[in-house]
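**Q** Got a structure here, written out as structure tokens. Questions coming.
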Amino acid sequence: MLSLVHNMTGSIFSLLFFSLFITCTATLEAGLYRSTCPSAEAIVRRSVNRAITQDPGLGAGLIRMHFHDCFVRGCDASILLDSTLSNPSEKENQANGPSLRGYEVIDEAKAELEFNCPGTVSCADILAFAARDSVLELGGISYQVPAGRRDGRVSIKDEPTQNLPSPNSTVEQLQQMFATKGLNLQEMVALSGAHSIGRVTRCSVFSHRLHTFNATHVQDPAMDLNFASEMKNNCPSITSAGVVSDNVKVPLDGFTPSRLDNRYFRNLETGRGLLASDQALMHNPRTASMVRRFAKYGRVWMPKFVNAMTRMGLIEVLTGTQGEIRRNCKIVNL
Ligand code: HEM
Ligand SMILES: *[C@@H]1O[C@H](CO)[C@@H](O)[C@H](O)[C@H]1NC(C)=O
Ligand SMILES: *[C@@H]1O[C@H](CO)[C@@H](O)[C@H](O)[C@H]1NC(C)=O
């Protein structure tokens with residue numbers, strides 16, 4: 001009897017192991033460029049570290065860029081393509097255009113890679129490496145990135161609108177949107193911890209929470225009162241023409257804005273989440289309990305974040321003979 005149970009567990013284990021094995025490695029492989037371009041990951045890391053030394057915000061930009069890439073047509077570097085005369089690209093979408101930063105870091109790494117090993121390292125892999133290197137620099141968390149993504153040839157201005165979450169989303173909407181990409185509720189919450197770094201560039205993303213919340217509340221009652229008055233200094237009022245000053249730099253985590261840590265979750269507990277979609281994590285009992293756990297135990301959050309980043313990096317990747325290895329990340333090969 002015991003040996004039967006033992007056997008069954010054994011085969012369930014190997015089945016599980018086997019299926020994990022196929023989903024993770026049949027397509028992408030950590031250390032892929034070891035023989036074809038041995039310095040590939042070091043070249044990206046040097047570009048990222050140089051950039052972050054000058055401006056830590058670029059690390060935030062690169063992590064966000066990887067997210068915005070993976071959620072739109074999979075991690076295929078479609079976010080990096082410039083518009084052409086006949087086709088405005090993802091860069092022009094409101095979700096990216098005015099606020100996404102770090103493109104030059106990718107271009108610099110790509111130029112050096114093309115010099116050292118032409119036509120070998122995809123822009124999509126560079127972006128995944130760059131996000132990982134930023135996580136290490138700003139958070140001290142290291143992990144391996146499976147590589148072998150190929151670059152897409154299509155980028156369409158409107159697609160980010162349906163594929164990226166809105167700062168007004170409810171938990172149910174966030175859950176739904178992440179589920180569409182194969183990520184579960186806990187992965188969604190863990191990834192939201194990225195809002196522990198970087199900034200918001202437009203008042204209009206959160207100012208309705210301060211001035212025009214709803215019929216009974218001018219101000220979002222979920223927002224801490226002191227925090228709300230701090231935020232009103234940044235975004236004083238809304239007129240019929242729109243937000244008065246819509247060109248701001250408000251940190252997503254005012255306490256440790258350049259440190260990727262679990263401070264974001266502690267902020268949510270005290271009503272200091274900047275986006276409505278951040279604070280919404282406290283309105284749902286399941287996500288609220290995850291937030292409390294991550295807030296209390298940074299060491300629980302970190303591996304969950306790394307796992308979720310890795311899984312995000314596998315969304316709808318192009319492999320094998322699909323797509324191409326772009327020569328220049330801004331334009332498709334001729
Ligand atoms: C859960 C749904 C999410 C929503 C609604 C959301 C929304 C936003 C918004 C509105 C901004 C400010 C943009 C601006 O200034 O215009 C922002 C910034 C940022 N987001 Fe998210 N985001 C989400 C998830 C994520 C995820 C999964 C990541 C990465 C893993 C991420 C990383 C970042 C970073 C690092 C910044 C700061 C960027 C910088 O300083 O350049 N976000 N996000
Ligand atoms: C969020 O909602 C507010 C108020 O309903 C609205 O003014 C704002 O444009 C919305 N923002 C986005 C990005 O949908
Ligand atoms: C306004 O928001 C508060 C807090 O979220 C909510 O309790 C209330 O029902 C809302 N009022 C209206 C009229 O929507």
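Chain labels follow the order of the structure tokens: the first chain is A, the next B, and so on; residue numbering restarts at 1 in every chain, and ligands are counted from 1 in their shown order.
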Could you give me the residues within 7 Å of ligand 1, counting only C-alpha atoms and all ligand atoms, as number ranges by chain?
**A** A: 57-58, 60-61, 63-64, 67, 95, 98-101, 165-169, 174, 188, 191-192, 194-195, 197-202, 205, 275, 277, 309
**Q** List as number ranges by chain the protein and nucleic acid residues near segment 154-164 of chain A, meaning an atom at most 7 Å away when only C-alpha atoms are counted, but skip any in the same chain fewer than 5 places from it.
**A** A: 71-72, 78-79, 81, 88-93, 95
**Q** Could you list, as a ChimeraX atom specification, all protein and nucleic acid residues with an atom at most 6 Å from ligand 3, counting only C-alpha atoms and all ligand atoms?
**A** /A:214-217,221
**Q** Residues at most 9 Å from Ile315 of chain A, counting only C-alpha atoms, excluding those fewer than 5 positions away in the same chain, as a compact mmCIF listing (two decimals) with C-alpha atoms, in the first residue's frame?
**A**
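As written to disk, part.txt reads:
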# COMPACT_ATOMS: atom_id res chain seq x y z
CA CYS A 70 5.13 41.19 -23.31
CA PHE A 71 1.46 42.16 -22.90
CA ARG A 73 1.83 40.57 -29.10
CA GLY A 74 4.00 38.71 -26.59
CA CYS A 75 7.64 39.46 -25.74
CA LYS A 181 -1.78 36.50 -20.63
CA GLY A 182 -1.60 33.31 -18.57
**Q** How far is it from atom CA of Gln173 of chain A to atom CA of Met65 of chain A, in Å with one decimal?
**A**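 A separation of 21.2 Å between them.
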**Q** Quick one: everything within 9 Å of Tyr143 of chain A, counting only C-alpha atoms, minus sequence neighbours fewer than 6 positions away in the same chain. Send it as a ChimeraX atom specification.
**A** /A:132-133,136,306-307,310
**Q** Could you check which of A:Gly323, A:Pro38, A:Gly273, A:Gly313 is closest to Leu183 of chain A, using only C-alpha atoms?
**A** A:Gly313
